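Worksheet for the structure shown next.
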Amino acid sequence: MFDNEKQLQALRKAYKKNLIFNLSAMIVSLLFVGYMLAGNTISVPLVGYIAAGVGAVAAIASYAIELALFRKGKQAFWVLIATLLLPLLALGAVMTAGLLPMTKDASTLPYFVAFIFLRAVIPLIQLLRDSARLRGGDVCETVGAVKKNTRRVEGSNSRESYLLFEDELTHETHLLRVGSLSPQHRHRMFYLPHSGLAVGEPIADNVTFDPFGNPIEREITEDTVTETPFYAEEKVITETPPHTEEYDTEQADDNGEYAPTENQETPYRDSRYDPNSPDRKKAVKYTKASKICSALGIICGILGFVGAALMKAKDTSPAIMLFLIPMVVFIILGTSFESKSLKLRCTKRTIAVCIDTVRRRSGKTTTRRPIVEYEVEGVKHTAELSVSCTRHAVGEIYTIYYDPLEPDTVRVG
């Protein structure tokens with residue numbers, strides 16, 4: 001029931017994603033350093049050195065303040081904006097006052113480069129400190145639940161969020177960086193101590209673990225019983241609607257009855273659920289195409305920015321348009337390929353209930369998305385849906401489709 005190797009693989013996957021993200025940001029900032037040195041873009045070197053120093057201090061302060069707020073369970077989305085813009089305004093005021101030489105070139109570019117570089121290097125160092133533990137499988141473990149009266153706060157990478165997790169034995173609070181996690185159940189968490197990356201699985205109220213990680217039963221007291229939510233009552237589970245995990249959604253007739261095809265005795269013999277079936281292979285190709293398009297879109301955006309910086313202000317339009325149009329095309333194609341992959345993979349229909357919400361930023365817009373919980377073959381799963389919701393969406397019901405081979409992968413029905 002408790003697959004330690006599966007959890008370790010999930011933790012390694014999250015580690016690799018964060019490592020690539022921070023390495024990419026660091027490499028981009030170093031490319032701009034090379035551009036500034038090769039092009040001699042700063043006519044007054046003293047201004048460039050001071051701007052870079054201010055950017056480094058702002059980056060360190062930003063990271064420290066965010067971490068302190070996360071440990072208190074508070075949002076910190078305003079910290080990044082404030083620490084990025086306020087020192088820049090201060091630099092401008094100092095130049096205007098004549099305390100520093102006034103320049104008309106890219107004197108603020110070192111500030112942004114230093115800020116981005118340090119914001120990537122600091123978490124990268126934390127990840128590298130955890131690398132030996134992860135390679136040896138010697139990760140930290142805790143059993144408990146999300147700390148009461150705290151909510152998830154948005155992380156800086158993808159769909160991960162910061163959560164305050166309380167160990168039920170020592171009552172020690174850990175700041176963990178996780179994906180979807182239900183605040184209504186006990187969990188067994190594997191995490192890395194320095195970066196805080198974590199993965200977990202829900203466990204029953206009568207189960208705990210010995211020092212060697214073996215599950216053992218425990219006596220349940222009234223204080224430790226987790227309240228069973230209304231959607232998990234027996235009447236709901238036994239009255240599962242037709243198009244659920246017992247049925248193939250696309251092969252059911254209009255009345256919801258399963259109609260097996262020739263040479264097919266049960267729904268579970270559908271070739272689409274075979275990892276080597278044509279549909280699964282096609283989904284893998286769509287996923288690879290989506291990743292390639294996303295990478296090409298990022299490259300086009302970087303080239304467009306660099307091209308505009310290398311040209312004079314009046315000549316930036318051709319450089320921007322040359323790479324902006326392909327960037328938009330690649331982004332649209334990547335989204336389309338990912339959607340097709342999910343449709344081929346997520347074919348089992350079920351009902352999920354919203355247990356929490358999280359805010360996500362995309363550019364200047366902010367949306368709130370639901371964290372839902374659903375059950376597959378007696379095992380509870382949580383996932384974040386790519387739809388918007390309101391602040392009071394907890395308890396709402398969603399129809400979703402999940403991947404029978406990877407139940408944590410879902411799409412909205």
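Going by the structure tokens order, chains are called A, B, ..., each with residues numbered from 1, while ligands are numbered from 1 in the order shown.
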
Report task. Name the residues in contact with range 323-330 of chain A at a cut-off of 8 Å, using only C-alpha atoms, excluding same-chain residues fewer than 2 positions from it; report them as a PyMOL selection string. Result -> chain A and resi 293-294+296-298+300-301+303-304+319-321+332-334

Take the residues that were just selected and, keeping all heavy atoms, output them as a compact mmCIF listing (two decimals), in the first residue's frame.
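Once everything was written out, this is again25.txt:
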```txt
# COMPACT_ATOMS: atom_id res chain seq x y z
N CYS A 293 7.87 22.93 -27.90
CA CYS A 293 7.28 24.23 -28.25
C CYS A 293 7.46 25.24 -27.12
O CYS A 293 7.74 26.41 -27.37
CB CYS A 293 5.81 24.06 -28.58
SG CYS A 293 5.49 23.23 -30.17
N SER A 294 7.30 24.79 -25.89
CA SER A 294 7.49 25.70 -24.76
C SER A 294 8.92 26.20 -24.69
O SER A 294 9.18 27.39 -24.46
CB SER A 294 7.12 24.99 -23.46
OG SER A 294 5.75 24.59 -23.46
N LEU A 296 11.06 26.41 -27.23
CA LEU A 296 11.29 27.30 -28.35
C LEU A 296 10.65 28.67 -28.11
O LEU A 296 11.20 29.70 -28.51
CB LEU A 296 10.73 26.68 -29.63
CG LEU A 296 11.48 25.45 -30.16
CD1 LEU A 296 10.76 24.86 -31.36
CD2 LEU A 296 12.91 25.81 -30.53
N GLY A 297 9.49 28.68 -27.45
CA GLY A 297 8.85 29.95 -27.12
C GLY A 297 9.71 30.79 -26.19
O GLY A 297 9.84 32.01 -26.37
N ILE A 298 10.31 30.14 -25.18
CA ILE A 298 11.19 30.85 -24.25
C ILE A 298 12.42 31.39 -24.97
O ILE A 298 12.85 32.53 -24.76
CB ILE A 298 11.60 29.93 -23.08
CG1 ILE A 298 10.36 29.57 -22.25
CG2 ILE A 298 12.65 30.57 -22.21
CD1 ILE A 298 10.64 28.53 -21.18
N CYS A 300 12.72 32.16 -28.14
CA CYS A 300 12.32 33.29 -28.98
C CYS A 300 12.13 34.56 -28.15
O CYS A 300 12.51 35.66 -28.57
CB CYS A 300 11.02 32.96 -29.73
SG CYS A 300 11.24 31.79 -31.09
N GLY A 301 11.56 34.43 -26.97
CA GLY A 301 11.39 35.60 -26.11
C GLY A 301 12.73 36.19 -25.68
O GLY A 301 12.91 37.41 -25.67
N LEU A 303 15.66 35.83 -27.28
CA LEU A 303 16.32 36.40 -28.45
C LEU A 303 15.70 37.74 -28.83
O LEU A 303 16.42 38.67 -29.24
CB LEU A 303 16.23 35.43 -29.63
CG LEU A 303 17.03 34.13 -29.50
CD1 LEU A 303 16.79 33.22 -30.70
CD2 LEU A 303 18.53 34.45 -29.38
N GLY A 304 14.38 37.85 -28.70
CA GLY A 304 13.73 39.12 -29.00
C GLY A 304 14.18 40.23 -28.06
O GLY A 304 14.43 41.36 -28.48
N ALA A 319 13.13 43.80 -34.50
CA ALA A 319 13.69 42.71 -33.69
C ALA A 319 12.62 42.07 -32.82
O ALA A 319 12.56 40.85 -32.67
CB ALA A 319 14.83 43.24 -32.82
N ILE A 320 11.76 42.91 -32.24
CA ILE A 320 10.71 42.38 -31.37
C ILE A 320 9.71 41.56 -32.18
O ILE A 320 9.34 40.44 -31.80
CB ILE A 320 10.00 43.53 -30.63
CG1 ILE A 320 10.98 44.19 -29.64
CG2 ILE A 320 8.77 43.03 -29.88
CD1 ILE A 320 10.40 45.39 -28.93
N MET A 321 9.27 42.09 -33.32
CA MET A 321 8.28 41.39 -34.14
C MET A 321 8.84 40.11 -34.73
O MET A 321 8.13 39.12 -34.92
CB MET A 321 7.78 42.31 -35.25
CG MET A 321 7.02 43.53 -34.77
SD MET A 321 5.61 43.10 -33.71
CE MET A 321 4.61 42.16 -34.87
N ILE A 332 1.03 28.83 -28.25
CA ILE A 332 -0.29 28.29 -28.60
C ILE A 332 -0.18 26.81 -28.99
O ILE A 332 -1.00 25.98 -28.57
CB ILE A 332 -0.89 29.11 -29.76
CG1 ILE A 332 -1.19 30.54 -29.29
CG2 ILE A 332 -2.17 28.45 -30.27
CD1 ILE A 332 -1.68 31.46 -30.39
N LEU A 333 0.84 26.48 -29.77
CA LEU A 333 1.02 25.07 -30.16
C LEU A 333 1.31 24.20 -28.96
O LEU A 333 0.78 23.08 -28.85
CB LEU A 333 2.17 24.96 -31.18
CG LEU A 333 1.87 25.44 -32.60
CD1 LEU A 333 3.13 25.37 -33.46
CD2 LEU A 333 0.76 24.62 -33.24
N GLY A 334 2.16 24.68 -28.04
CA GLY A 334 2.47 23.89 -26.86
C GLY A 334 1.24 23.62 -26.01
O GLY A 334 1.04 22.51 -25.52
```

Report task. Within 8 Å of range 129-140 of chain A, counting only C-alpha atoms, which residues show up once you throw out same-chain ones fewer than 6 positions away? Write them as an MDAnalysis selection string, please. Result -> chainID A and resid 8 12 190:195

Based on the selection just made, write N, CA and C atoms of those residues as a CSV table (one decimal), in the first residue's frame.
```csv
chain,number,residue,atom,x,y,z
A,8,LEU,N,9.8,8.5,-3.7
A,8,LEU,CA,11.2,9.0,-4.0
A,8,LEU,C,11.3,9.4,-5.4
A,12,ARG,N,12.3,13.1,-6.7
A,12,ARG,CA,13.4,13.3,-7.7
A,12,ARG,C,12.9,14.1,-8.9
A,190,PHE,N,7.6,12.8,2.5
A,190,PHE,CA,9.0,12.8,2.3
A,190,PHE,C,9.5,14.1,1.9
A,191,TYR,N,10.5,14.7,2.5
A,191,TYR,CA,10.9,16.0,2.1
A,191,TYR,C,12.5,16.2,2.2
A,192,LEU,N,13.0,17.2,1.6
A,192,LEU,CA,14.4,17.6,1.6
A,192,LEU,C,14.6,18.8,2.6
A,193,PRO,N,15.5,18.7,3.5
A,193,PRO,CA,15.5,19.6,4.6
A,193,PRO,C,15.9,21.1,4.2
A,194,HIS,N,16.7,21.2,3.2
A,194,HIS,CA,17.2,22.6,2.9
A,194,HIS,C,16.3,23.3,1.9
A,195,SER,N,15.9,22.7,0.8
A,195,SER,CA,15.0,23.3,-0.1
A,195,SER,C,13.6,23.2,0.3
```

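You will find CA of Ala383 in chain A at 23.1 Å from CA of Ala76 in chain A.
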
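If you look at CA of Thr365 in chain A and CA of Thr335 in chain A, they are 18.3 Å away from each other.
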
Query raised in the report: Ala52 in chain A: which residues within 12 Å, counting only C-alpha atoms, same-chain residues fewer than 6 positions away excluded, as a VMD selection string?
Result: chain A and resid 29 33 42 45 to 46 58 to 59 87 to 88 91 107 to 118

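Here the question is which of A:Ala68, A:Ser277, A:Ala145, A:Leu169 gets nearest to Glu201 in chain A using only C-alpha atoms, and that residue is A:Ala145.
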
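Using only C-alpha atoms for every distance, the candidate list A:Leu128, A:Leu69, A:Val372, A:Ala82 yields A:Leu128 as the residue closest to Asn18 in chain A.
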
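A straight line drawn from CA of Asp403 in chain A to CA of Thr347 in chain A is 6.2 Å long.
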
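Those residues that approach Val410 in chain A to within 9 Å, counting only C-alpha atoms, are Leu342, Arg345, Cys346, Ala383, Glu384, Leu385, Ile400, Tyr401, Tyr402 and Asp403 of chain A; same-chain residues fewer than 5 positions away are not listed.
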
Using the selection just defined, write its residues with all heavy atoms as an mmCIF file, in the first residue's frame.
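Writing done, so here's again-v6.cif:
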```
data_model
loop_
_atom_site.group_PDB
_atom_site.id
_atom_site.type_symbol
_atom_site.label_atom_id
_atom_site.label_comp_id
_atom_site.auth_asym_id
_atom_site.auth_seq_id
_atom_site.Cartn_x
_atom_site.Cartn_y
_atom_site.Cartn_z
ATOM 1 N N LEU A 342 -3.536 15.212 -22.761
ATOM 2 C CA LEU A 342 -4.390 14.941 -21.606
ATOM 3 C C LEU A 342 -5.678 14.228 -22.014
ATOM 4 O O LEU A 342 -6.168 13.354 -21.287
ATOM 5 C CB LEU A 342 -4.718 16.248 -20.885
ATOM 6 C CG LEU A 342 -3.581 16.887 -20.094
ATOM 7 C CD1 LEU A 342 -4.019 18.228 -19.520
ATOM 8 C CD2 LEU A 342 -3.121 15.972 -18.965
ATOM 9 N N ARG A 345 -4.849 10.601 -22.468
ATOM 10 C CA ARG A 345 -4.429 9.910 -21.249
ATOM 11 C C ARG A 345 -5.533 9.847 -20.197
ATOM 12 O O ARG A 345 -5.731 8.812 -19.559
ATOM 13 C CB ARG A 345 -3.200 10.602 -20.659
ATOM 14 C CG ARG A 345 -1.968 10.548 -21.532
ATOM 15 C CD ARG A 345 -0.889 11.444 -20.988
ATOM 16 N NE ARG A 345 -0.522 11.076 -19.623
ATOM 17 C CZ ARG A 345 0.211 11.829 -18.818
ATOM 18 N NH1 ARG A 345 0.619 13.016 -19.233
ATOM 19 N NH2 ARG A 345 0.510 11.419 -17.607
ATOM 20 N N CYS A 346 -6.229 10.944 -19.995
ATOM 21 C CA CYS A 346 -7.233 11.025 -18.923
ATOM 22 C C CYS A 346 -8.593 10.608 -19.470
ATOM 23 O O CYS A 346 -9.307 11.419 -20.060
ATOM 24 C CB CYS A 346 -7.283 12.442 -18.354
ATOM 25 S SG CYS A 346 -5.692 13.026 -17.734
ATOM 26 N N ALA A 383 -5.474 17.079 -6.530
ATOM 27 C CA ALA A 383 -4.940 17.692 -7.746
ATOM 28 C C ALA A 383 -5.436 19.129 -7.841
ATOM 29 O O ALA A 383 -6.490 19.476 -7.291
ATOM 30 C CB ALA A 383 -5.363 16.905 -8.984
ATOM 31 N N GLU A 384 -4.685 19.935 -8.524
ATOM 32 C CA GLU A 384 -5.086 21.314 -8.799
ATOM 33 C C GLU A 384 -5.669 21.386 -10.205
ATOM 34 O O GLU A 384 -5.044 20.919 -11.158
ATOM 35 C CB GLU A 384 -3.890 22.259 -8.688
ATOM 36 C CG GLU A 384 -4.238 23.707 -8.999
ATOM 37 C CD GLU A 384 -3.032 24.623 -8.910
ATOM 38 O OE1 GLU A 384 -2.128 24.327 -8.104
ATOM 39 O OE2 GLU A 384 -2.990 25.629 -9.653
ATOM 40 N N LEU A 385 -6.860 21.921 -10.328
ATOM 41 C CA LEU A 385 -7.522 22.012 -11.625
ATOM 42 C C LEU A 385 -7.171 23.320 -12.316
ATOM 43 O O LEU A 385 -7.010 24.356 -11.667
ATOM 44 C CB LEU A 385 -9.043 21.912 -11.456
ATOM 45 C CG LEU A 385 -9.564 20.649 -10.768
ATOM 46 C CD1 LEU A 385 -11.084 20.647 -10.757
ATOM 47 C CD2 LEU A 385 -9.040 19.384 -11.452
ATOM 48 N N ILE A 400 -14.274 15.356 -13.226
ATOM 49 C CA ILE A 400 -12.933 15.329 -13.786
ATOM 50 C C ILE A 400 -12.670 13.979 -14.454
ATOM 51 O O ILE A 400 -13.390 13.002 -14.223
ATOM 52 C CB ILE A 400 -11.851 15.570 -12.707
ATOM 53 C CG1 ILE A 400 -11.878 14.426 -11.673
ATOM 54 C CG2 ILE A 400 -12.050 16.919 -12.036
ATOM 55 C CD1 ILE A 400 -10.717 14.477 -10.701
ATOM 56 N N TYR A 401 -11.655 13.942 -15.287
ATOM 57 C CA TYR A 401 -11.166 12.712 -15.903
ATOM 58 C C TYR A 401 -9.706 12.531 -15.479
ATOM 59 O O TYR A 401 -8.932 13.488 -15.512
ATOM 60 C CB TYR A 401 -11.258 12.781 -17.430
ATOM 61 C CG TYR A 401 -12.667 12.811 -17.954
ATOM 62 C CD1 TYR A 401 -13.361 14.013 -18.061
ATOM 63 C CD2 TYR A 401 -13.318 11.642 -18.330
ATOM 64 C CE1 TYR A 401 -14.663 14.047 -18.535
ATOM 65 C CE2 TYR A 401 -14.622 11.663 -18.814
ATOM 66 C CZ TYR A 401 -15.286 12.870 -18.910
ATOM 67 O OH TYR A 401 -16.577 12.900 -19.382
ATOM 68 N N TYR A 402 -9.351 11.303 -15.088
ATOM 69 C CA TYR A 402 -7.992 11.051 -14.641
ATOM 70 C C TYR A 402 -7.345 9.949 -15.482
ATOM 71 O O TYR A 402 -8.026 9.156 -16.147
ATOM 72 C CB TYR A 402 -7.958 10.670 -13.157
ATOM 73 C CG TYR A 402 -8.636 9.365 -12.823
ATOM 74 C CD1 TYR A 402 -7.934 8.163 -12.852
ATOM 75 C CD2 TYR A 402 -9.984 9.326 -12.472
ATOM 76 C CE1 TYR A 402 -8.544 6.964 -12.549
ATOM 77 C CE2 TYR A 402 -10.618 8.142 -12.162
ATOM 78 C CZ TYR A 402 -9.893 6.953 -12.202
ATOM 79 O OH TYR A 402 -10.508 5.766 -11.915
ATOM 80 N N ASP A 403 -6.037 9.906 -15.443
ATOM 81 C CA ASP A 403 -5.259 8.895 -16.155
ATOM 82 C C ASP A 403 -5.267 7.617 -15.319
ATOM 83 O O ASP A 403 -4.799 7.614 -14.177
ATOM 84 C CB ASP A 403 -3.828 9.407 -16.337
ATOM 85 C CG ASP A 403 -2.973 8.460 -17.166
ATOM 86 O OD1 ASP A 403 -3.389 7.310 -17.386
ATOM 87 O OD2 ASP A 403 -1.882 8.884 -17.596
#
```

**Report entry** Long-range neighbours of Lys147 in chain A as a ChimeraX atom specification, 9 Å cut-off, only C-alpha atoms, 3 positions minimum in chain
**Finding:** /A:144,150-151,163-167,173,183

Next, dump the selected residues to file, keeping only all heavy atoms, as an mmCIF file, in the first residue's frame.
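That gives us selection-v7.cif:
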```
data_model
loop_
_atom_site.group_PDB
_atom_site.id
_atom_site.type_symbol
_atom_site.label_atom_id
_atom_site.label_comp_id
_atom_site.auth_asym_id
_atom_site.auth_seq_id
_atom_site.Cartn_x
_atom_site.Cartn_y
_atom_site.Cartn_z
ATOM 1 N N GLY A 144 1.888 13.645 9.807
ATOM 2 C CA GLY A 144 1.063 14.635 10.473
ATOM 3 C C GLY A 144 0.032 15.215 9.538
ATOM 4 O O GLY A 144 -0.501 14.514 8.676
ATOM 5 N N THR A 150 -3.884 27.622 9.074
ATOM 6 C CA THR A 150 -2.941 28.141 8.086
ATOM 7 C C THR A 150 -3.408 27.714 6.703
ATOM 8 O O THR A 150 -4.078 26.697 6.538
ATOM 9 C CB THR A 150 -1.519 27.620 8.315
ATOM 10 O OG1 THR A 150 -1.515 26.187 8.201
ATOM 11 C CG2 THR A 150 -1.004 28.014 9.679
ATOM 12 N N ARG A 151 -3.032 28.510 5.694
ATOM 13 C CA ARG A 151 -3.407 28.220 4.320
ATOM 14 C C ARG A 151 -2.152 28.127 3.476
ATOM 15 O O ARG A 151 -1.083 28.591 3.852
ATOM 16 C CB ARG A 151 -4.328 29.309 3.764
ATOM 17 C CG ARG A 151 -5.653 29.404 4.517
ATOM 18 C CD ARG A 151 -6.546 30.434 3.883
ATOM 19 N NE ARG A 151 -6.868 30.101 2.514
ATOM 20 C CZ ARG A 151 -7.838 29.271 2.155
ATOM 21 N NH1 ARG A 151 -8.567 28.671 3.074
ATOM 22 N NH2 ARG A 151 -8.095 29.026 0.891
ATOM 23 N N LEU A 163 3.493 25.147 2.397
ATOM 24 C CA LEU A 163 2.541 24.758 3.431
ATOM 25 C C LEU A 163 3.273 24.582 4.754
ATOM 26 O O LEU A 163 4.420 24.114 4.790
ATOM 27 C CB LEU A 163 1.853 23.439 3.070
ATOM 28 C CG LEU A 163 0.763 23.460 2.001
ATOM 29 C CD1 LEU A 163 0.289 22.045 1.731
ATOM 30 C CD2 LEU A 163 -0.404 24.317 2.445
ATOM 31 N N LEU A 164 2.605 24.955 5.844
ATOM 32 C CA LEU A 164 3.123 24.662 7.172
ATOM 33 C C LEU A 164 2.569 23.305 7.596
ATOM 34 O O LEU A 164 1.362 23.128 7.754
ATOM 35 C CB LEU A 164 2.704 25.752 8.159
ATOM 36 C CG LEU A 164 3.357 27.121 7.945
ATOM 37 C CD1 LEU A 164 2.804 28.129 8.943
ATOM 38 C CD2 LEU A 164 4.855 27.034 8.047
ATOM 39 N N PHE A 165 3.463 22.333 7.767
ATOM 40 C CA PHE A 165 3.081 20.963 8.078
ATOM 41 C C PHE A 165 3.548 20.627 9.487
ATOM 42 O O PHE A 165 4.717 20.815 9.826
ATOM 43 C CB PHE A 165 3.707 20.002 7.062
ATOM 44 C CG PHE A 165 3.161 18.604 7.119
ATOM 45 C CD1 PHE A 165 2.038 18.258 6.386
ATOM 46 C CD2 PHE A 165 3.778 17.637 7.894
ATOM 47 C CE1 PHE A 165 1.529 16.975 6.432
ATOM 48 C CE2 PHE A 165 3.276 16.357 7.953
ATOM 49 C CZ PHE A 165 2.149 16.023 7.215
ATOM 50 N N GLU A 166 2.615 20.142 10.317
ATOM 51 C CA GLU A 166 2.918 19.870 11.728
ATOM 52 C C GLU A 166 3.060 18.380 11.976
ATOM 53 O O GLU A 166 2.152 17.597 11.657
ATOM 54 C CB GLU A 166 1.817 20.446 12.622
ATOM 55 C CG GLU A 166 2.110 20.311 14.103
ATOM 56 C CD GLU A 166 1.046 20.968 14.961
ATOM 57 O OE1 GLU A 166 0.008 21.378 14.398
ATOM 58 O OE2 GLU A 166 1.254 21.076 16.179
ATOM 59 N N ASP A 167 4.192 17.978 12.513
ATOM 60 C CA ASP A 167 4.423 16.584 12.878
ATOM 61 C C ASP A 167 3.553 16.235 14.080
ATOM 62 O O ASP A 167 3.568 16.942 15.097
ATOM 63 C CB ASP A 167 5.902 16.360 13.203
ATOM 64 C CG ASP A 167 6.230 14.893 13.394
ATOM 65 O OD1 ASP A 167 5.838 14.333 14.440
ATOM 66 O OD2 ASP A 167 6.877 14.310 12.510
ATOM 67 N N THR A 173 6.934 22.143 13.398
ATOM 68 C CA THR A 173 6.350 22.662 12.163
ATOM 69 C C THR A 173 7.408 22.753 11.086
ATOM 70 O O THR A 173 8.490 23.312 11.303
ATOM 71 C CB THR A 173 5.732 24.048 12.395
ATOM 72 O OG1 THR A 173 4.716 23.939 13.394
ATOM 73 C CG2 THR A 173 5.096 24.572 11.111
ATOM 74 N N PRO A 183 -5.861 19.395 3.207
ATOM 75 C CA PRO A 183 -5.714 19.790 4.617
ATOM 76 C C PRO A 183 -6.633 19.008 5.545
ATOM 77 O O PRO A 183 -6.630 19.253 6.747
ATOM 78 C CB PRO A 183 -6.097 21.272 4.587
ATOM 79 C CG PRO A 183 -7.075 21.384 3.471
ATOM 80 C CD PRO A 183 -6.650 20.365 2.433
#
```
